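Engineer: The structure file input_30.tsv (TSV, C-alpha atoms) is provided below.
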chain	number	residue	atom	x	y	z
A	133	MET	CA	24.89	2.16	21.46
A	134	LYS	CA	21.66	3.73	22.63
A	135	VAL	CA	20.49	6.92	20.97
A	136	ARG	CA	17.56	9.20	21.76
A	137	ILE	CA	16.08	11.33	18.99
A	138	LEU	CA	13.49	14.02	19.76
A	139	VAL	CA	11.23	15.18	16.94
A	140	SER	CA	8.93	18.16	17.44
A	141	LEU	CA	7.03	20.62	15.33
A	142	LYS	CA	8.88	23.79	14.38
A	143	ASN	CA	7.93	26.72	16.59
A	144	SER	CA	6.17	28.41	13.68
A	145	VAL	CA	3.86	25.42	13.14
A	146	LEU	CA	0.58	25.15	15.05
A	147	ASP	CA	0.44	22.22	17.48
A	148	PRO	CA	-3.20	21.15	18.02
A	149	GLN	CA	-2.22	18.13	20.14
A	150	GLY	CA	-0.21	20.34	22.47
A	151	GLN	CA	-3.10	22.82	22.64
A	152	ALA	CA	-5.52	20.02	23.54
A	153	VAL	CA	-3.23	18.88	26.35
A	154	LYS	CA	-2.87	22.46	27.57
A	155	ASN	CA	-6.65	22.93	27.61
A	156	ALA	CA	-7.10	19.64	29.49
A	157	LEU	CA	-4.57	20.72	32.13
A	158	LEU	CA	-6.20	24.17	32.53
A	159	THR	CA	-9.61	22.50	32.92
A	160	LEU	CA	-8.11	20.37	35.69
A	161	GLY	CA	-6.94	23.52	37.48
A	162	TYR	CA	-3.24	23.56	36.56
A	163	ASP	CA	-3.24	27.31	36.01
A	164	SER	CA	0.55	27.61	35.88
A	165	VAL	CA	0.64	25.88	32.49
A	166	LYS	CA	1.23	28.57	29.86
A	167	ASP	CA	2.11	26.42	26.86
A	168	VAL	CA	2.42	22.79	25.83
A	169	ARG	CA	4.17	21.42	22.74
A	170	GLN	CA	3.97	17.74	21.91
A	171	GLY	CA	6.45	15.73	19.91
A	172	LYS	CA	7.84	12.25	19.39
A	173	VAL	CA	10.78	10.49	20.93
A	174	PHE	CA	12.63	7.55	19.37
A	175	GLU	CA	15.12	5.40	21.23
A	176	LEU	CA	17.35	3.43	18.87
A	177	GLU	CA	19.64	0.58	19.79
A	178	LEU	CA	22.55	0.50	17.33
A	179	GLU	CA	25.13	-2.29	17.09
A	180	GLY	CA	28.42	-2.79	15.28
A	181	ILE	CA	28.81	0.85	14.38
A	182	SER	CA	31.57	3.34	15.20
A	183	HIS	CA	30.89	6.61	16.96
A	184	ASP	CA	31.76	8.52	13.78
A	185	ASP	CA	29.40	6.43	11.65
A	186	ALA	CA	26.66	6.90	14.26
A	187	GLU	CA	27.16	10.67	14.12
A	188	ARG	CA	26.73	10.47	10.36
A	189	ILE	CA	23.69	8.20	10.11
A	190	ILE	CA	21.62	9.52	13.05
A	191	PRO	CA	20.91	12.91	11.42
A	192	GLU	CA	20.36	11.10	8.10
A	193	ILE	CA	17.80	8.71	9.65
A	194	SER	CA	16.13	11.61	11.46
A	195	ASP	CA	15.87	13.72	8.36
A	196	LYS	CA	14.77	10.95	5.99
A	197	VAL	CA	12.54	8.75	8.15
A	198	LEU	CA	11.71	10.06	11.61
A	199	ALA	CA	10.97	13.72	10.97
A	200	ASN	CA	9.26	15.68	8.24
A	201	PRO	CA	11.84	18.44	7.76
A	202	ILE	CA	9.24	20.79	6.25
A	203	ILE	CA	7.38	21.16	9.54
A	204	GLU	CA	9.50	19.34	12.13
A	205	LYS	CA	12.88	19.74	13.79
A	206	PHE	CA	14.92	17.12	15.58
A	207	SER	CA	17.66	16.83	18.15
A	208	TRP	CA	19.53	13.77	19.34
A	209	GLN	CA	21.91	12.54	22.00
A	210	ILE	CA	23.85	9.34	22.61
A	211	LEU	CA	22.60	7.82	25.88
A	212	GLU	CA	24.94	4.84	26.14
A	213	LYS	CA	28.15	4.13	24.28
A	214	ASP	CA	29.45	0.60	23.81
B	168	MET	CA	10.07	27.39	33.75
B	169	LYS	CA	10.44	24.96	30.87
B	170	VAL	CA	9.95	21.26	31.54
B	171	ARG	CA	10.41	18.26	29.26
B	172	ILE	CA	8.43	15.09	29.98
B	173	LEU	CA	9.17	11.86	28.12
B	174	VAL	CA	6.45	9.21	27.98
B	175	SER	CA	7.20	5.78	26.56
B	176	LEU	CA	5.74	2.31	26.67
B	177	LYS	CA	6.99	0.07	29.46
B	178	ASN	CA	9.65	-2.36	28.28
B	179	SER	CA	7.25	-5.28	28.73
B	180	VAL	CA	4.69	-3.73	26.36
B	181	LEU	CA	4.89	-4.38	22.61
B	182	ASP	CA	5.62	-1.27	20.55
B	183	PRO	CA	4.21	-1.72	17.01
B	184	GLN	CA	5.09	1.86	16.00
B	185	GLY	CA	8.70	1.32	17.00
B	186	GLN	CA	8.76	-2.00	15.13
B	187	ALA	CA	7.40	-0.33	11.99
B	188	VAL	CA	10.14	2.31	12.16
B	189	LYS	CA	12.77	-0.39	12.72
B	190	ASN	CA	11.53	-2.34	9.69
B	191	ALA	CA	11.54	0.81	7.56
B	192	LEU	CA	15.14	1.55	8.57
B	193	LEU	CA	16.27	-2.03	7.87
B	194	THR	CA	14.59	-1.89	4.46
B	195	LEU	CA	16.57	1.28	3.73
B	196	GLY	CA	19.79	-0.55	4.58
B	197	TYR	CA	20.49	0.72	8.10
B	198	ASP	CA	21.59	-2.73	9.31
B	199	SER	CA	23.07	-1.47	12.57
B	200	VAL	CA	19.58	-0.71	13.95
B	201	LYS	CA	18.74	-3.48	16.44
B	202	ASP	CA	15.73	-1.98	18.16
B	203	VAL	CA	13.50	1.08	18.05
B	204	ARG	CA	11.07	2.24	20.73
B	205	GLN	CA	8.77	5.20	20.09
B	206	GLY	CA	7.28	7.49	22.67
B	207	LYS	CA	5.94	10.98	23.21
B	208	VAL	CA	7.61	14.12	24.42
B	209	PHE	CA	5.84	17.08	26.01
B	210	GLU	CA	7.45	20.44	26.61
B	211	LEU	CA	5.56	22.51	29.15
B	212	GLU	CA	6.02	26.19	29.87
B	213	LEU	CA	5.08	26.86	33.50
B	214	GLU	CA	4.72	30.31	35.06
B	215	GLY	CA	4.28	31.66	38.56
B	216	ILE	CA	5.20	28.42	40.26
B	217	SER	CA	7.96	27.57	42.73
B	218	HIS	CA	10.51	24.85	42.08
B	219	ASP	CA	9.00	22.74	44.89
B	220	ASP	CA	5.49	23.08	43.50
B	221	ALA	CA	6.78	22.18	40.04
B	222	GLU	CA	8.41	19.04	41.44
B	223	ARG	CA	5.05	18.12	42.96
B	224	ILE	CA	2.74	18.79	40.01
B	225	ILE	CA	4.91	17.51	37.14
B	226	PRO	CA	4.71	13.85	38.22
B	227	GLU	CA	1.01	14.39	39.01
B	228	ILE	CA	0.30	15.81	35.53
B	229	SER	CA	2.35	13.02	33.93
B	230	ASP	CA	0.55	10.30	35.82
B	231	LYS	CA	-2.97	11.70	35.43
B	232	VAL	CA	-2.95	13.25	31.97
B	233	LEU	CA	0.12	12.61	29.84
B	234	ALA	CA	0.81	8.93	30.45
B	235	ASN	CA	-1.30	5.85	30.93
B	236	PRO	CA	0.45	4.36	33.97
B	237	ILE	CA	-0.82	0.85	33.16
B	238	ILE	CA	1.33	0.57	30.06
B	239	GLU	CA	3.52	3.68	30.02
B	240	LYS	CA	6.37	5.12	32.06
B	241	PHE	CA	7.56	8.70	32.19
B	242	SER	CA	10.62	10.72	33.07
B	243	TRP	CA	11.06	14.46	33.26
B	244	GLN	CA	13.65	17.18	33.56
B	245	ILE	CA	13.59	20.93	34.04
B	246	LEU	CA	15.18	22.55	30.98
B	247	GLU	CA	15.06	26.21	32.05
B	248	LYS	CA	14.48	27.71	35.46
B	249	ASP	CA	13.16	31.22	35.90
What does the file become when written as structure tokens?
Structural biologist:
Amino acid sequence: MKVRILVSLKNSVLDPQGQAVKNALLTLGYDSVKDVRQGKVFELELEGISHDDAERIIPEISDKVLANPIIEKFSWQILEKD
Amino acid sequence: MKVRILVSLKNSVLDPQGQAVKNALLTLGYDSVKDVRQGKVFELELEGISHDDAERIIPEISDKVLANPIIEKFSWQILEKD
């Protein structure tokens, strides 16, 4: 089973990396760029696990290991079932 | 218009960050984790731009600024039209 987990800063948290990218794009003349937020993406390959168990452990993994729940939020989707 | 761009290492490139996350998860007892790949996600807010122009500049921005095309690949999707 292939799972994609997106981790990004909460909207209320400043994102200096995203701001740096935005400034770089504006300097290059991409004037249509109004905002940039940067985050992390994790693609996990899981084996020997039921769909129900996956739905239980993915948020657990995200909350405990991949994201810092104080300042970050996460979302996830199953890309491939097997 | 809101656009999400995913940047990740090409499959042929070693991913030490992903390996570190995998090892952390195995140590915590998540034995079903067979592989982890880590990448970056960018969410761009674009304004005053047509759909066609967006389809032209998004790959350009990704290739020139967000990703290093030697070792990274990218994919993108439009999340919200306006």
Engineer: Can you move chain A onto chain B by a least-squares fit over all C-alpha atoms paired in order, then give me the moved copy as an mmCIF file with C-alpha atoms, in the frame of the given file?
Structural biologist:
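The result, stored in result10.cif:
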data_model
loop_
_atom_site.group_PDB
_atom_site.id
_atom_site.type_symbol
_atom_site.label_atom_id
_atom_site.label_comp_id
_atom_site.auth_asym_id
_atom_site.auth_seq_id
_atom_site.Cartn_x
_atom_site.Cartn_y
_atom_site.Cartn_z
ATOM 1 C CA MET A 133 10.075 27.384 33.739
ATOM 2 C CA LYS A 134 10.439 24.961 30.865
ATOM 3 C CA VAL A 135 9.935 21.272 31.530
ATOM 4 C CA ARG A 136 10.395 18.256 29.272
ATOM 5 C CA ILE A 137 8.418 15.097 29.987
ATOM 6 C CA LEU A 138 9.162 11.857 28.120
ATOM 7 C CA VAL A 139 6.442 9.214 27.979
ATOM 8 C CA SER A 140 7.196 5.773 26.559
ATOM 9 C CA LEU A 141 5.737 2.313 26.672
ATOM 10 C CA LYS A 142 6.978 0.064 29.461
ATOM 11 C CA ASN A 143 9.643 -2.356 28.271
ATOM 12 C CA SER A 144 7.260 -5.279 28.718
ATOM 13 C CA VAL A 145 4.687 -3.743 26.354
ATOM 14 C CA LEU A 146 4.882 -4.393 22.610
ATOM 15 C CA ASP A 147 5.622 -1.284 20.536
ATOM 16 C CA PRO A 148 4.218 -1.717 16.997
ATOM 17 C CA GLN A 149 5.098 1.857 15.982
ATOM 18 C CA GLY A 150 8.709 1.321 16.995
ATOM 19 C CA GLN A 151 8.756 -2.006 15.134
ATOM 20 C CA ALA A 152 7.406 -0.329 11.993
ATOM 21 C CA VAL A 153 10.137 2.307 12.168
ATOM 22 C CA LYS A 154 12.761 -0.385 12.723
ATOM 23 C CA ASN A 155 11.526 -2.349 9.701
ATOM 24 C CA ALA A 156 11.544 0.812 7.564
ATOM 25 C CA LEU A 157 15.145 1.558 8.569
ATOM 26 C CA LEU A 158 16.269 -2.042 7.869
ATOM 27 C CA THR A 159 14.583 -1.890 4.448
ATOM 28 C CA LEU A 160 16.567 1.277 3.750
ATOM 29 C CA GLY A 161 19.796 -0.563 4.576
ATOM 30 C CA TYR A 162 20.485 0.705 8.106
ATOM 31 C CA ASP A 163 21.580 -2.719 9.307
ATOM 32 C CA SER A 164 23.062 -1.449 12.572
ATOM 33 C CA VAL A 165 19.588 -0.727 13.949
ATOM 34 C CA LYS A 166 18.758 -3.488 16.437
ATOM 35 C CA ASP A 167 15.737 -1.975 18.164
ATOM 36 C CA VAL A 168 13.508 1.084 18.053
ATOM 37 C CA ARG A 169 11.071 2.249 20.734
ATOM 38 C CA GLN A 170 8.790 5.190 20.088
ATOM 39 C CA GLY A 171 7.270 7.486 22.659
ATOM 40 C CA LYS A 172 5.941 10.985 23.215
ATOM 41 C CA VAL A 173 7.621 14.121 24.422
ATOM 42 C CA PHE A 174 5.836 17.080 26.020
ATOM 43 C CA GLU A 175 7.445 20.451 26.597
ATOM 44 C CA LEU A 176 5.548 22.520 29.155
ATOM 45 C CA GLU A 177 6.015 26.192 29.874
ATOM 46 C CA LEU A 178 5.079 26.860 33.507
ATOM 47 C CA GLU A 179 4.727 30.313 35.072
ATOM 48 C CA GLY A 180 4.300 31.666 38.584
ATOM 49 C CA ILE A 181 5.212 28.414 40.258
ATOM 50 C CA SER A 182 7.984 27.572 42.728
ATOM 51 C CA HIS A 183 10.522 24.855 42.073
ATOM 52 C CA ASP A 184 9.025 22.759 44.881
ATOM 53 C CA ASP A 185 5.493 23.094 43.507
ATOM 54 C CA ALA A 186 6.780 22.191 40.033
ATOM 55 C CA GLU A 187 8.415 19.057 41.443
ATOM 56 C CA ARG A 188 5.065 18.132 42.956
ATOM 57 C CA ILE A 189 2.746 18.805 40.019
ATOM 58 C CA ILE A 190 4.915 17.514 37.138
ATOM 59 C CA PRO A 191 4.696 13.848 38.216
ATOM 60 C CA GLU A 192 0.999 14.393 39.010
ATOM 61 C CA ILE A 193 0.300 15.812 35.522
ATOM 62 C CA SER A 194 2.344 13.024 33.935
ATOM 63 C CA ASP A 195 0.559 10.305 35.819
ATOM 64 C CA LYS A 196 -2.965 11.698 35.440
ATOM 65 C CA VAL A 197 -2.955 13.236 31.959
ATOM 66 C CA LEU A 198 0.118 12.594 29.833
ATOM 67 C CA ALA A 199 0.816 8.922 30.448
ATOM 68 C CA ASN A 200 -1.287 5.826 30.912
ATOM 69 C CA PRO A 201 0.455 4.353 33.961
ATOM 70 C CA ILE A 202 -0.826 0.848 33.165
ATOM 71 C CA ILE A 203 1.321 0.563 30.045
ATOM 72 C CA GLU A 204 3.525 3.670 30.026
ATOM 73 C CA LYS A 205 6.366 5.123 32.065
ATOM 74 C CA PHE A 206 7.549 8.703 32.191
ATOM 75 C CA SER A 207 10.608 10.720 33.069
ATOM 76 C CA TRP A 208 11.049 14.468 33.252
ATOM 77 C CA GLN A 209 13.654 17.183 33.557
ATOM 78 C CA ILE A 210 13.586 20.940 34.059
ATOM 79 C CA LEU A 211 15.172 22.560 30.989
ATOM 80 C CA GLU A 212 15.060 26.204 32.054
ATOM 81 C CA LYS A 213 14.475 27.695 35.474
ATOM 82 C CA ASP A 214 13.132 31.213 35.918
#
Engineer: Residues near B:Glu210, anyone? I mean within 7 Å using only C-alpha atoms, not counting same-chain ones fewer than 6 positions away, as a list in words.
Structural biologist: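 Once the nearby chain positions are removed, what remains is Val168, Arg169 and Gln170 of chain A; Lys169, Val170, Arg171 and Ile172 of chain B.
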Engineer: Those same residues, written as a PDB file, in the coordinates of the input with C-alpha atoms?
Structural biologist:
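Produced file result-v4.pdb, reproduced below:
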ATOM      1  CA  VAL A 168       2.420  22.790  25.830  1.00  0.00           C
ATOM      2  CA  ARG A 169       4.170  21.420  22.740  1.00  0.00           C
ATOM      3  CA  GLN A 170       3.970  17.740  21.910  1.00  0.00           C
TER       4      GLN A 170
ATOM      5  CA  LYS B 169      10.440  24.960  30.870  1.00  0.00           C
ATOM      6  CA  VAL B 170       9.950  21.260  31.540  1.00  0.00           C
ATOM      7  CA  ARG B 171      10.410  18.260  29.260  1.00  0.00           C
ATOM      8  CA  ILE B 172       8.430  15.090  29.980  1.00  0.00           C
TER       9      ILE B 172
END
Engineer: Show me, as a compact mmCIF listing (two decimals) with C-alpha atoms, keeping the file's coordinate frame, the residues of chain B whose atoms get within 7 Å of chain A, using only C-alpha atoms for the distance check.
Structural biologist:
# COMPACT_ATOMS: atom_id res chain seq x y z
CA SER B 199 23.07 -1.47 12.57
CA VAL B 200 19.58 -0.71 13.95
CA LYS B 201 18.74 -3.48 16.44
CA ASP B 202 15.73 -1.98 18.16
CA VAL B 203 13.50 1.08 18.05
CA ARG B 204 11.07 2.24 20.73
CA GLN B 205 8.77 5.20 20.09
CA GLY B 206 7.28 7.49 22.67
CA LYS B 207 5.94 10.98 23.21
CA VAL B 208 7.61 14.12 24.42
CA PHE B 209 5.84 17.08 26.01
CA GLU B 210 7.45 20.44 26.61
CA LEU B 211 5.56 22.51 29.15
CA GLU B 212 6.02 26.19 29.87
CA LEU B 213 5.08 26.86 33.50
CA GLU B 214 4.72 30.31 35.06
CA GLY B 215 4.28 31.66 38.56
CA ILE B 216 5.20 28.42 40.26
Engineer: Of the residues B:Asp219, B:Asp230, B:Gly196, B:Glu239, which is the one nearest to B:Val180, using all atoms listed in the file?
Structural biologist: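 Nearest candidate to B:Val180 out of B:Asp219, B:Asp230, B:Gly196, B:Glu239: B:Glu239.
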Engineer: One number please: atom CA of B:Asn190 to atom CA of B:Asn235, in Å, one decimal.
Structural biologist: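 Separating atom CA of B:Asn190 from atom CA of B:Asn235 is a distance of 26.1 Å.
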Engineer: For the atom pair atom CA of B:Ser217 and atom CA of B:Leu246, what is the interatomic distance in Å to one decimal place?
Structural biologist: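 We find that atom CA of B:Ser217 and atom CA of B:Leu246 lie 14.7 Å from each other.
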Engineer: Rounded to one decimal place, report the atom CA of A:Phe206-atom CA of A:Pro191 distance in Å.
Structural biologist: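 Between atom CA of A:Phe206 and atom CA of A:Pro191 the gap works out to 8.4 Å.
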Engineer: Given 4 Å of margin on each side, can you work out the centre and size in Å (one decimal) of an axis-aligned box holding every listed atom of stretch 147-153 of chain A, as lines of an AutoDock Vina configuration file?
Structural biologist:
center_x = -2.5
center_y = 20.5
center_z = 21.9
size_x = 14.0
size_y = 12.7
size_z = 16.9
